[in-house]
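The structure under discussion appears below in the form of structure tokens.
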Amino acid sequence: KPMPDLPGVGKLDQKLVDTAVAEINRLHRVKKIEAVQAMGEYVVKTFFNDNFAHFHAHGRKHASFRALAKRKDLSVGYVTIRNAVAFVEQLKMLPAKFATALPMSHHRALLPLSTAEDKKALAEKAVEKDLSKRDLEAEVRKFRSKAGAKRGP
């Protein structure tokens with residue numbers, strides 16, 4: 001049987017490769033964000049009545065949530081769960097155009113900021129200046145040192 005005409009099989013199709021890289025990166029970024037968002041939304045809804053203030057006030061004292069975080073058969077740890085909730089809260093603070101433009105690594109870098117205003121300012125800067133993860137982390141450190149390094153939210 002003759003071989004099917006496959007794209008890029010005989011010689012390098014750079015456009016095909018470039019398009020594939022962009023799409024695979026997009027899928028990885030979007031699906032990872034969707035998974036973390038779903039986990040955070042589930043936890044805050046199930047354990048804290050869909051209220052971030054309850055999470056902040058009772059998270060460490062909530063007996064069932066503590067038990068969840070200690071389960072050996074849970075595939076993620078407490079920090080991952082806590083960060084997923086913080087991520088969902090952060091998404092609600094950021095304008096959609098910045099929240100959706102940032103990859104998960106950039107969202108993680110913004111988590112330590114304590115105010116919505118700081119998060120918005122740095123998210124906007126990261127998107128507009130196409131900051132790398134390391135550059136954004138440096139900006140976060142500058143913000144935190146000016147603000148007295150309070151962890152948030």
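By order in the structure tokens, chains are A, B, ...; within a chain, residues start at 1; ligands start at 1, following the order shown.
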| message | Please extract the residues of range 46-82 of chain A with a backbone DSSP assignment of helix (DSSP H, G or I) and present them as a count of residues only. | response | 23
| If we count only C-alpha atoms, what is near range 36-52 of chain A at a cut-off of 12 Å, once residues fewer than 6 positions away on the same chain are taken out, given as a PyMOL selection string? | chain A and resi 29-30+58-69+75-76+78-93+99-100+103-105+107-108+153
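Across the structure, CA of Lys119 in chain A and CA of Phe98 in chain A are spaced 10.2 Å apart.
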Distance table requested - range 8-112 of chain A against range 123-144 of chain A, cut-off 8 Å, only C-alpha atoms: one row per qualifying residue with the closest atom pair and its distance in Å to one decimal, ordered by chain and rising residue number, as CSV.
residue,atom,partner,partner_atom,distance
A:Leu94,CA,A:Ala123,CA,7.8
A:Phe98,CA,A:Ala123,CA,6.1
A:Ala99,CA,A:Ala123,CA,7.6
A:Ala101,CA,A:Val127,CA,6.8
A:Leu102,CA,A:Val127,CA,6.9
A:Ser105,CA,A:Lys133,CA,6.4
A:His106,CA,A:Lys133,CA,5.7
A:Ala109,CA,A:Glu137,CA,5.6
A:Leu110,CA,A:Val140,CA,6.7
A:Pro112,CA,A:Val140,CA,7.9
Output of the above residues as a short mmCIF file (atom, residue, chain, number, x, y, z; two decimals), in the first residue's frame, restricted to N, CA, C and O atoms:
data_model
loop_
_atom_site.label_atom_id
_atom_site.label_comp_id
_atom_site.auth_asym_id
_atom_site.auth_seq_id
_atom_site.Cartn_x
_atom_site.Cartn_y
_atom_site.Cartn_z
N LEU A 94 -8.73 39.51 39.28
CA LEU A 94 -8.10 40.04 38.08
C LEU A 94 -9.11 40.26 36.96
O LEU A 94 -10.03 39.45 36.80
N PHE A 98 -6.55 39.78 31.63
CA PHE A 98 -5.24 39.46 32.19
C PHE A 98 -5.22 38.06 32.78
O PHE A 98 -4.25 37.33 32.64
N ALA A 99 -6.30 37.70 33.44
CA ALA A 99 -6.37 36.37 34.07
C ALA A 99 -6.22 35.26 33.04
O ALA A 99 -5.51 34.28 33.27
N ALA A 101 -4.82 35.57 30.03
CA ALA A 101 -3.60 35.70 29.23
C ALA A 101 -2.37 35.14 29.94
O ALA A 101 -1.37 34.83 29.29
N LEU A 102 -2.44 35.00 31.26
CA LEU A 102 -1.28 34.55 32.02
C LEU A 102 -1.22 33.04 32.13
O LEU A 102 -2.23 32.40 32.42
N SER A 105 2.33 29.48 35.64
CA SER A 105 3.56 29.90 36.33
C SER A 105 3.47 31.35 36.77
O SER A 105 3.92 31.72 37.86
N HIS A 106 2.87 32.19 35.96
CA HIS A 106 2.72 33.60 36.29
C HIS A 106 1.66 33.80 37.38
O HIS A 106 1.83 34.64 38.26
N ALA A 109 3.27 33.02 40.58
CA ALA A 109 4.15 34.11 41.01
C ALA A 109 3.37 35.24 41.68
O ALA A 109 3.88 35.89 42.60
N LEU A 110 2.12 35.45 41.26
CA LEU A 110 1.30 36.54 41.83
C LEU A 110 0.65 36.17 43.15
O LEU A 110 0.19 37.05 43.88
N PRO A 112 1.60 35.39 46.19
CA PRO A 112 2.01 36.01 47.46
C PRO A 112 1.57 37.46 47.65
O PRO A 112 1.63 37.97 48.77
#
| field | Which of A:Leu122, A:Leu111, A:Leu74, A:Leu27 sits closest to Pro95 in chain A [using only C-alpha atoms] | value | A:Leu122
